[in-house]
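Engineer: Below is the file run.cif, which contains mmCIF, C-alpha atoms.
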data_upload
loop_
_atom_site.label_atom_id
_atom_site.label_comp_id
_atom_site.auth_asym_id
_atom_site.auth_seq_id
_atom_site.Cartn_x
_atom_site.Cartn_y
_atom_site.Cartn_z
CA MET A 1344 15.11 0.35 -23.34
CA ALA A 1345 12.92 -2.61 -24.26
CA PRO A 1346 10.58 -3.43 -21.37
CA ARG A 1347 11.05 -6.74 -19.63
CA THR A 1348 8.23 -9.21 -20.29
CA ASP A 1349 9.51 -12.52 -18.83
CA PHE A 1350 8.46 -11.92 -15.24
CA PRO A 1351 7.46 -14.82 -13.00
CA PRO A 1352 3.83 -14.89 -11.81
CA ILE A 1353 3.09 -12.62 -8.86
CA ARG A 1354 2.91 -14.51 -5.55
CA ALA A 1355 2.55 -11.57 -3.16
CA CYS A 1356 0.79 -8.20 -3.26
CA LEU A 1357 1.97 -5.51 -0.83
CA PHE A 1358 -0.36 -2.58 -0.25
CA ASP A 1359 0.05 0.99 0.86
CA MET A 1360 -3.12 2.32 2.52
CA ASP A 1361 -3.62 6.11 2.49
CA GLY A 1362 -4.83 7.28 -0.91
CA LEU A 1363 -4.56 3.73 -2.27
CA LEU A 1364 -7.01 1.64 -0.24
CA LEU A 1365 -8.82 4.48 1.55
CA ASP A 1366 -9.63 8.06 0.50
CA THR A 1367 -7.70 9.46 3.47
CA GLU A 1368 -5.37 11.67 1.44
CA ASP A 1369 -8.21 14.12 0.83
CA LEU A 1370 -9.05 13.98 4.56
CA TYR A 1371 -5.44 14.83 5.43
CA THR A 1372 -5.70 17.86 3.15
CA VAL A 1373 -8.95 19.01 4.77
CA CYS A 1374 -7.44 18.82 8.26
CA ILE A 1375 -4.23 20.61 7.32
CA ASN A 1376 -6.04 23.36 5.42
CA LEU A 1377 -8.29 24.08 8.40
CA ILE A 1378 -5.19 24.80 10.48
CA LEU A 1379 -3.53 26.81 7.72
CA GLU A 1380 -6.66 28.93 7.32
CA LYS A 1381 -6.90 29.47 11.08
CA TYR A 1382 -3.42 31.01 11.14
CA GLY A 1383 -3.72 33.01 7.94
CA ARG A 1384 -1.57 30.75 5.78
CA PRO A 1385 -2.37 29.68 2.19
CA SER A 1386 -3.89 26.28 1.46
CA LEU A 1387 -1.59 23.31 0.98
CA PRO A 1388 -0.54 23.13 -2.70
CA TRP A 1389 -0.05 19.80 -4.44
CA SER A 1390 3.59 20.69 -5.08
CA ILE A 1391 4.13 20.37 -1.31
CA LYS A 1392 1.57 17.65 -0.60
CA ALA A 1393 3.28 15.42 -3.18
CA LYS A 1394 6.44 15.53 -1.05
CA LEU A 1395 4.54 14.60 2.13
CA GLN A 1396 2.65 11.62 0.78
CA GLY A 1397 3.79 8.19 1.81
CA ARG A 1398 6.49 9.38 4.20
CA PRO A 1399 6.57 8.56 7.93
CA ALA A 1400 5.02 11.28 10.12
CA PRO A 1401 8.30 12.78 11.46
CA GLU A 1402 9.76 13.29 7.99
CA ALA A 1403 6.48 14.57 6.55
CA ASN A 1404 5.98 17.01 9.44
CA ALA A 1405 9.49 18.40 9.03
CA LEU A 1406 8.90 19.07 5.33
CA PHE A 1407 5.51 20.62 6.07
CA HIS A 1408 6.78 23.02 8.74
CA GLU A 1409 9.66 24.13 6.55
CA TRP A 1410 7.06 25.30 4.04
CA ALA A 1411 4.16 26.39 6.28
CA ARG A 1412 6.03 28.61 8.79
CA LEU A 1413 3.12 28.48 11.22
CA PRO A 1414 3.22 30.96 14.14
CA ILE A 1415 2.71 28.17 16.69
CA PRO A 1416 4.96 25.51 18.22
CA GLU A 1417 5.05 22.16 16.47
CA SER A 1418 3.56 20.52 19.56
CA GLN A 1419 0.48 22.74 19.33
CA TYR A 1420 0.15 22.06 15.60
CA LEU A 1421 0.26 18.31 16.23
CA SER A 1422 -2.32 18.59 18.99
CA GLU A 1423 -4.73 20.53 16.77
CA LEU A 1424 -4.07 18.25 13.80
CA THR A 1425 -4.70 15.11 15.86
CA ALA A 1426 -8.02 16.45 17.11
CA LEU A 1427 -9.14 17.21 13.55
CA GLN A 1428 -7.99 13.81 12.30
CA GLN A 1429 -9.89 12.03 15.07
CA ALA A 1430 -13.02 13.80 13.82
CA HIS A 1431 -12.47 13.27 10.08
CA PHE A 1432 -10.67 9.92 9.70
CA PRO A 1433 -13.69 7.80 10.74
CA THR A 1434 -15.44 9.02 7.56
CA ALA A 1435 -12.81 7.36 5.34
CA LYS A 1436 -14.07 4.94 2.72
CA PRO A 1437 -12.48 2.52 0.21
CA LEU A 1438 -11.46 3.88 -3.17
CA ALA A 1439 -12.86 2.57 -6.46
CA GLY A 1440 -12.24 -1.13 -7.06
CA ILE A 1441 -10.60 -1.84 -3.71
CA GLU A 1442 -13.28 -4.02 -2.14
CA LYS A 1443 -13.41 -6.30 -5.18
CA LEU A 1444 -9.61 -6.36 -5.58
CA LEU A 1445 -8.98 -7.41 -1.97
CA GLY A 1446 -11.84 -9.91 -2.10
CA ASP A 1447 -10.49 -11.48 -5.29
CA LEU A 1448 -6.95 -11.75 -3.97
CA GLY A 1449 -8.17 -13.14 -0.64
CA ARG A 1450 -10.10 -15.83 -2.52
CA THR A 1451 -6.89 -17.16 -4.09
CA ARG A 1452 -6.30 -19.04 -0.83
CA TRP A 1453 -8.61 -21.59 -2.48
CA TRP A 1454 -5.69 -22.77 -4.57
CA ASP A 1455 -3.90 -23.92 -1.39
CA VAL A 1456 -6.81 -26.03 -0.14
CA ARG A 1457 -5.94 -29.73 -0.28
CA ASP A 1458 -7.88 -32.95 -0.70
CA GLY A 1459 -7.55 -34.23 2.84
CA GLU A 1460 -4.39 -34.49 4.90
CA GLY A 1461 -1.36 -34.20 2.61
CA GLY A 1462 -3.56 -34.24 -0.48
CA VAL A 1463 -3.23 -32.41 -3.79
CA ARG A 1464 -3.70 -28.63 -3.83
CA ASN A 1465 -6.67 -27.23 -5.75
CA GLY A 1466 -4.22 -25.12 -7.72
CA GLN A 1467 -2.49 -28.23 -9.02
CA LYS A 1468 -5.78 -29.69 -10.25
CA ARG A 1469 -6.91 -26.58 -12.12
CA GLU A 1470 -7.78 -27.11 -15.77
CA GLY A 1471 -5.76 -24.83 -17.97
CA GLY A 1472 -2.63 -24.84 -15.86
CA GLU A 1473 -1.51 -24.66 -12.25
CA ALA A 1474 -2.62 -21.73 -10.12
CA GLN A 1475 -1.23 -20.46 -6.84
CA ARG A 1476 -2.32 -18.39 -3.90
CA VAL A 1477 -1.39 -14.71 -3.84
CA HIS A 1478 -0.34 -13.68 -0.34
CA ILE A 1479 -1.06 -10.10 0.74
CA ALA A 1480 0.44 -7.75 3.32
CA LEU A 1481 -0.06 -4.14 4.37
CA ALA A 1482 2.83 -1.64 4.36
CA THR A 1483 1.63 1.78 5.49
CA SER A 1484 3.33 4.79 7.05
CA SER A 1485 0.23 5.33 9.22
CA THR A 1486 0.84 4.79 12.92
CA THR A 1487 -1.08 2.20 14.94
CA GLY A 1488 -3.43 4.81 16.42
CA ASN A 1489 -4.27 6.45 13.09
CA PHE A 1490 -4.68 3.07 11.42
CA ALA A 1491 -7.30 2.09 13.99
CA VAL A 1492 -9.28 5.32 13.54
CA LYS A 1493 -9.19 5.17 9.75
CA THR A 1494 -10.29 1.54 9.55
CA GLU A 1495 -12.81 1.36 12.41
CA ARG A 1496 -15.72 1.16 9.93
CA TRP A 1497 -13.90 -1.28 7.65
CA THR A 1498 -12.73 -4.05 9.97
CA GLU A 1499 -14.11 -6.80 7.72
CA LEU A 1500 -12.39 -5.38 4.65
CA PHE A 1501 -9.04 -5.14 6.44
CA SER A 1502 -9.40 -8.61 7.96
CA VAL A 1503 -7.89 -9.93 4.70
CA PHE A 1504 -4.59 -8.60 6.06
CA GLU A 1505 -3.61 -11.10 8.73
CA SER A 1506 -2.49 -9.27 11.85
CA HIS A 1507 1.09 -10.52 11.58
CA ARG A 1508 1.21 -9.29 7.97
CA ARG A 1509 0.48 -5.65 8.79
CA VAL A 1510 3.49 -3.35 8.91
CA LEU A 1511 2.61 0.11 10.25
CA GLY A 1512 4.55 3.35 10.37
CA ASP A 1513 5.55 3.02 14.02
CA ASP A 1514 6.71 -0.59 13.72
CA PRO A 1515 9.86 -0.82 15.86
CA ARG A 1516 11.43 -3.20 13.36
CA ILE A 1517 11.86 -0.29 10.93
CA GLN A 1518 14.90 1.77 11.82
CA LYS A 1519 14.24 5.45 12.47
CA GLY A 1520 14.76 7.45 9.28
CA ARG A 1521 14.36 4.37 7.06
CA GLY A 1522 10.73 4.87 5.98
CA LYS A 1523 9.54 5.41 2.41
CA PRO A 1524 11.09 6.25 -0.08
CA LEU A 1525 13.63 3.74 1.26
CA PRO A 1526 12.61 0.11 0.75
CA ASP A 1527 12.75 -1.22 4.32
CA ILE A 1528 8.98 -1.33 4.89
CA TYR A 1529 8.47 -3.47 1.80
CA PHE A 1530 11.32 -5.80 2.69
CA LEU A 1531 9.73 -6.23 6.12
CA ALA A 1532 6.26 -6.81 4.64
CA LEU A 1533 7.68 -9.56 2.43
CA LYS A 1534 9.46 -11.06 5.45
CA THR A 1535 6.18 -11.26 7.37
CA ILE A 1536 4.81 -13.34 4.52
CA ASN A 1537 7.82 -15.60 4.07
CA ASP A 1538 8.06 -16.22 7.81
CA SER A 1539 4.50 -17.53 7.84
CA LEU A 1540 4.39 -19.67 4.69
CA GLU A 1541 3.40 -23.30 4.96
CA LEU A 1542 6.22 -25.71 5.63
CA GLY A 1543 7.88 -26.61 2.34
CA GLU A 1544 6.53 -23.61 0.40
CA LYS A 1545 9.29 -21.86 -1.51
CA PRO A 1546 10.09 -18.35 -0.16
CA ILE A 1547 8.75 -15.50 -2.27
CA THR A 1548 11.35 -13.34 -4.01
CA PRO A 1549 11.12 -9.55 -4.51
CA GLU A 1550 10.46 -9.91 -8.24
CA GLU A 1551 7.46 -12.10 -7.39
CA CYS A 1552 5.96 -9.18 -5.43
CA LEU A 1553 3.62 -6.48 -6.70
CA VAL A 1554 3.60 -3.22 -4.71
CA PHE A 1555 0.45 -1.06 -4.88
CA GLU A 1556 1.18 2.63 -4.30
CA ASP A 1557 -0.33 6.06 -4.86
CA SER A 1558 2.61 8.23 -3.77
CA VAL A 1559 5.85 9.05 -5.55
CA PRO A 1560 8.03 8.16 -2.50
CA GLY A 1561 6.10 4.90 -2.23
CA VAL A 1562 6.78 3.98 -5.85
CA GLU A 1563 10.46 4.67 -5.28
CA ALA A 1564 10.41 2.46 -2.17
CA GLY A 1565 8.93 -0.40 -4.17
CA ARG A 1566 11.42 -0.01 -6.98
CA ARG A 1567 14.34 0.15 -4.52
CA ALA A 1568 13.06 -3.14 -3.08
CA GLY A 1569 13.43 -4.78 -6.50
CA MET A 1570 9.67 -5.34 -6.75
CA ARG A 1571 7.14 -4.67 -9.50
CA VAL A 1572 4.93 -1.66 -8.83
CA VAL A 1573 1.41 -0.47 -9.60
CA TRP A 1574 1.11 3.32 -9.38
CA CYS A 1575 -2.46 4.57 -8.86
CA PRO A 1576 -2.14 8.25 -7.90
CA HIS A 1577 -4.66 10.90 -6.92
CA PRO A 1578 -5.72 12.78 -10.09
CA MET A 1579 -4.19 15.99 -8.76
CA LEU A 1580 -0.88 14.26 -8.05
CA LYS A 1581 -0.87 12.91 -11.59
CA LYS A 1582 -1.50 16.43 -12.86
CA GLU A 1583 1.29 17.85 -10.66
CA TYR A 1584 3.82 15.49 -12.24
CA GLU A 1585 2.45 15.53 -15.77
CA GLY A 1586 5.22 14.66 -18.21
CA ARG A 1587 7.37 12.92 -15.58
CA GLU A 1588 5.39 9.69 -15.31
CA ARG A 1589 8.17 7.57 -16.83
CA GLU A 1590 10.66 8.86 -14.24
CA ILE A 1591 8.22 8.13 -11.42
CA LEU A 1592 7.64 4.57 -12.61
CA ALA A 1593 11.40 4.02 -12.78
CA GLY A 1594 11.82 5.38 -9.24
CA LYS A 1595 14.07 8.13 -10.56
CA MET A 1596 12.55 11.18 -8.85
CA GLY A 1597 15.36 11.42 -6.32
CA GLU A 1598 13.06 11.24 -3.29
CA ALA A 1599 15.74 9.50 -1.22
CA GLY A 1600 18.68 11.46 -2.57
CA GLY A 1601 21.67 9.48 -3.74
CA VAL A 1602 21.14 6.46 -1.49
CA ASP A 1603 21.59 3.06 -3.17
CA GLU A 1604 20.86 4.41 -6.63
CA HIS A 1605 21.95 1.13 -8.20
CA HIS A 1606 18.66 -0.37 -6.95
CA LEU A 1607 16.57 2.01 -9.06
CA GLY A 1608 15.06 1.10 -12.41
CA GLU A 1609 15.39 2.44 -15.92
CA LEU A 1610 12.85 4.34 -17.99
CA ASP A 1611 10.31 2.02 -19.64
CA ASP A 1612 11.86 -1.10 -18.11
CA GLY A 1613 8.49 -2.82 -17.66
CA TRP A 1614 8.70 -3.15 -13.87
CA ALA A 1615 6.01 -0.55 -13.06
CA ASP A 1616 2.65 0.46 -14.49
CA TYR A 1617 0.28 3.42 -14.10
CA PHE A 1618 -3.42 2.85 -13.44
CA LEU A 1619 -6.18 5.47 -13.33
CA ASP A 1620 -7.96 3.39 -10.68
CA LEU A 1621 -8.06 -0.23 -9.54
CA THR A 1622 -11.40 -1.28 -11.00
CA ASN A 1623 -11.28 -4.21 -13.43
CA PHE A 1624 -7.70 -5.01 -12.47
CA PRO A 1625 -5.88 -7.03 -15.19
CA TYR A 1626 -4.86 -10.10 -13.18
CA ASP A 1627 -3.71 -11.95 -16.30
CA LYS A 1628 -0.97 -9.38 -16.89
CA TYR A 1629 0.62 -10.43 -13.59
CA GLY A 1630 0.03 -14.17 -13.85
CA VAL A 1631 -2.65 -14.11 -11.16
CA VAL A 1632 -5.57 -16.55 -11.41
CA ILE A 1633 -8.73 -15.68 -9.44
CA PRO A 1634 -11.00 -18.59 -8.43
CA PRO A 1635 -14.73 -18.31 -9.18
CA ALA A 1636 -16.81 -16.57 -6.53
CA GLU A 1637 -18.74 -19.74 -5.65
CA VAL A 1638 -15.69 -21.31 -3.97
CA GLU A 1639 -16.39 -18.99 -1.02
CA LEU A 1640 -19.32 -21.30 -0.18
CA HIS A 1641 -17.01 -24.28 0.32
CA PRO A 1642 -16.59 -25.24 4.01
CA SER A 1643 -12.79 -25.05 3.73
CA MET A 1644 -13.05 -21.33 2.88
CA ARG A 1645 -15.09 -20.41 5.93
CA ALA A 1646 -12.10 -19.62 8.07
CA ASP A 1647 -12.70 -17.63 11.24
CA THR A 1648 -11.30 -14.15 10.53
CA SER A 1649 -12.54 -12.60 13.75
CA ALA A 1650 -9.01 -12.60 15.16
CA GLU A 1651 -7.91 -10.45 12.24
CA LEU A 1652 -10.47 -7.70 12.84
CA VAL A 1653 -8.99 -4.40 13.90
CA THR A 1654 -8.98 -4.21 17.70
CA GLN A 1655 -6.36 -1.56 18.35
CA ASP A 1656 -7.20 1.16 20.84
CA THR A 1657 -8.28 4.17 18.77
CA ARG A 1658 -6.47 6.58 21.06
CA SER A 1659 -3.22 7.87 19.59
#
Translate this structure into structure tokens?
Structural biologist:
Amino acid sequence: MAPRTDFPPIRACLFDMDGLLLDTEDLYTVCINLILEKYGRPSLPWSIKAKLQGRPAPEANALFHEWARLPIPESQYLSELTALQQAHFPTAKPLAGIEKLLGDLGRTRWWDVRDGEGGVRNGQKREGGEAQRVHIALATSSTTGNFAVKTERWTELFSVFESHRRVLGDDPRIQKGRGKPLPDIYFLALKTINDSLELGEKPITPEECLVFEDSVPGVEAGRRAGMRVVWCPHPMLKKEYEGREREILAGKMGEAGGVDEHHLGELDDGWADYFLDLTNFPYDKYGVVIPPAEVELHPSMRADTSAELVTQDTRS
């Protein structure tokens, strides 16, 4: 089919975290393989890892144990895995292009700054056409405890995600069994944005959202939410699914079975794009205008973000 090209400008970007913002997918593999080796099992293949990515912990663990057949109780496995993760997760670091991407998007709040009380927005005064802020939210299957450990060295980076716009894997507002590849987490992330817009600002619609994902279940979740999607997978995941990229971008890999299939896309419909990495992101393609870096020096941009720094207890 001919790809759609008449999309409205993106007004919200919703981010996965593991393997998209931080290099934690490789750390997960290291931890799991240490346990597999300890009990004489083969290393985790990408054919299995691809099924685990993006899913909430209970669903991912069930799939893992069905394959691994470890000679220990699940409770012991989880205890050993948690100890290894506590040791390895603090070494996580941002993936290529992420620091600039989040900084650029965070700077778009400049377009909402007004000339005095009730004045004109900077975005309305921009030469070359009106510009608007791009709101951002986090939508990760990581639990609160794991999120804190993974991000403890990157509190300033993650402060761009306002605390009320972070949806984590153990968020009680997400019904049990409704994690990725189902769309609930992205609907909730959008709701956290719309519930905190300035008075009078028009609510953001799903088609005005851009989901950033690395996993196949995550792409399907974004497509089921009726949102545009950026797919930036691990090179080994891309290799594992070589030749099926068009199906992945359409959300047609069947990760959620036959649930609500009418929400899925079509091959080459223009709603999703593959990226090797997120350096030099093409903002123009999505109608996003980034203000110049010097606006950060303006007094109105020096908001106190200390309240948004990660303060969660790092104990799981």
Engineer: Taking the file as shown, what set of residues would the PyMOL selection byres ((chain A and resi 1366) around 10) give back, as a PyMOL selection string?
Structural biologist: chain A and resi 1360-1365+1367-1371+1432+1434-1439+1493+1577
Engineer: Tell me, as an MDAnalysis selection string, which residues lie within 12 Å of segment 1397-1399 of chain A, counting all atoms listed in the file; anything in the same chain fewer than 3 positions away does not count.
Structural biologist: chainID A and resid 1358:1363 1367:1368 1371 1392:1394 1402:1407 1482:1486 1511:1514 1517:1526 1528 1555:1565 1576 1598:1599
Engineer: When distances are computed from all atoms listed in the file, which of A:Glu1585, A:His1478, A:Trp1614, A:Gly1597 shows the smallest separation from Pro1346 of chain A?
Structural biologist: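 Looking only at the distances to Pro1346 of chain A, the closest residue turns out to be A:Trp1614.
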Engineer: Output the residue selection produced by the PyMOL selection byres ((chain A and resi 1618) around 8) on the file above, formatted as JSON, numbers by chain.
Structural biologist: {"A": [1573, 1574, 1575, 1576, 1616, 1617, 1619, 1620, 1621]}
Engineer: Save the residues we just selected, C-alpha atoms, as a compact mmCIF listing (two decimals), in the coordinates of the input?
Structural biologist:
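Ended up saving to part_9.txt:
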# COMPACT_ATOMS: atom_id res chain seq x y z
CA VAL A 1573 1.41 -0.47 -9.60
CA TRP A 1574 1.11 3.32 -9.38
CA CYS A 1575 -2.46 4.57 -8.86
CA PRO A 1576 -2.14 8.25 -7.90
CA ASP A 1616 2.65 0.46 -14.49
CA TYR A 1617 0.28 3.42 -14.10
CA LEU A 1619 -6.18 5.47 -13.33
CA ASP A 1620 -7.96 3.39 -10.68
CA LEU A 1621 -8.06 -0.23 -9.54
Engineer: How close does segment 1514-1566 of chain A get to segment 1454-1471 of chain A? List, as CSV, each residue of segment 1514-1566 of chain A within 12 Å, its nearest atom pair and the distance in Å to one decimal, counting all atoms listed in the file.
Structural biologist:
residue,atom,partner,partner_atom,distance
A:Leu1540,CA,A:Asp1455,CA,11.1
A:Glu1541,CA,A:Asp1455,CA,9.7
A:Leu1542,CA,A:Gly1461,CA,11.8
A:Gly1543,CA,A:Gly1461,CA,12.0
A:Glu1544,CA,A:Asp1455,CA,10.6
Engineer: For Tyr1629 of chain A, which of A:Ala1615, A:Leu1377, A:Gly1446, A:Glu1588 is the closest residue, counting only C-alpha atoms?
Structural biologist: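 Counting only C-alpha atoms, the residue closest to Tyr1629 of chain A is A:Ala1615.
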Engineer: Of the candidates A:Phe1530, A:Phe1501, A:Phe1624, A:Phe1490, which shows the shortest atom-to-atom distance to Gln1429 of chain A, using only C-alpha atoms?
Structural biologist: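 Of A:Phe1530, A:Phe1501, A:Phe1624, A:Phe1490, the one nearest Gln1429 of chain A, counting only C-alpha atoms, is A:Phe1490.
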Engineer: Using all atoms listed in the file, pick whichever of A:Met1579, A:Cys1374, A:Val1477, A:Leu1448 has the shortest atom-to-atom distance to Gln1428 of chain A.
Structural biologist: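 Once distances to Gln1428 of chain A are computed over all atoms listed in the file, the minimum belongs to A:Cys1374.
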Engineer: Evaluate the PyMOL selection byres ((chain A and resi 1534) around 12) here and jot the selected residues down as a ChimeraX atom specification.
Structural biologist: /A:1355,1357,1478-1482,1507-1510,1516,1527-1533,1535-1540,1546-1549,1552
Engineer: For atom CA of Tyr1626 of chain A and atom CA of Arg1452 of chain A, determine how far apart the two atoms are, in Å to one decimal place.
Structural biologist: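 Atom CA of Arg1452 of chain A lies at a distance of 15.3 Å from atom CA of Tyr1626 of chain A.
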Engineer: Report the distance between atom CA of Cys1356 of chain A and atom CA of Thr1451 of chain A in Å, rounded to one decimal place.
Structural biologist: 11.8 Å
Engineer: For segment 1344-1363 of chain A, take all atoms listed in the file, fit an axis-aligned box around them, add 6 Å to each of the six sides, then output centre and edge lengths in Å rounded to one decimal, as lines of an AutoDock Vina configuration file.
Structural biologist:
center_x = 5.1
center_y = -3.8
center_z = -10.9
size_x = 31.9
size_y = 34.2
size_z = 38.8
Engineer: For Gly1613 of chain A, find every residue with an atom within 12 Å (counting all atoms listed in the file), except residues of its own chain fewer than 5 positions away, and show them as a list in words.
Structural biologist: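 The residues satisfying every condition are Met1344, Ala1345, Pro1346, Arg1347, Thr1348, Asp1349, Phe1350, Glu1550, Arg1566, Met1570, Arg1571, Val1572, Val1573, Arg1589, Leu1592, Ala1593, Gly1608, Lys1628 and Tyr1629 of chain A.
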Engineer: I'd like to know which of A:Glu1473, A:Glu1637, A:Glu1583, A:Glu1499 is closest to Glu1442 of chain A, using all atoms listed in the file.
Structural biologist: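 Distance minimum relative to Glu1442 of chain A lands on A:Glu1499.
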Engineer: Would you mind telling me which residue in A:His1606, A:Lys1581, A:His1408, A:Lys1545 lies nearest to Arg1567 of chain A when using only C-alpha atoms?
Structural biologist: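 Closest to Arg1567 of chain A of all the choices is A:His1606.
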Engineer: In Å, how far is it from atom CA of Leu1607 of chain A to atom CA of Gly1594 of chain A?
Structural biologist: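 Computed distance, atom CA of Leu1607 of chain A to atom CA of Gly1594 of chain A, equals 5.8 Å.
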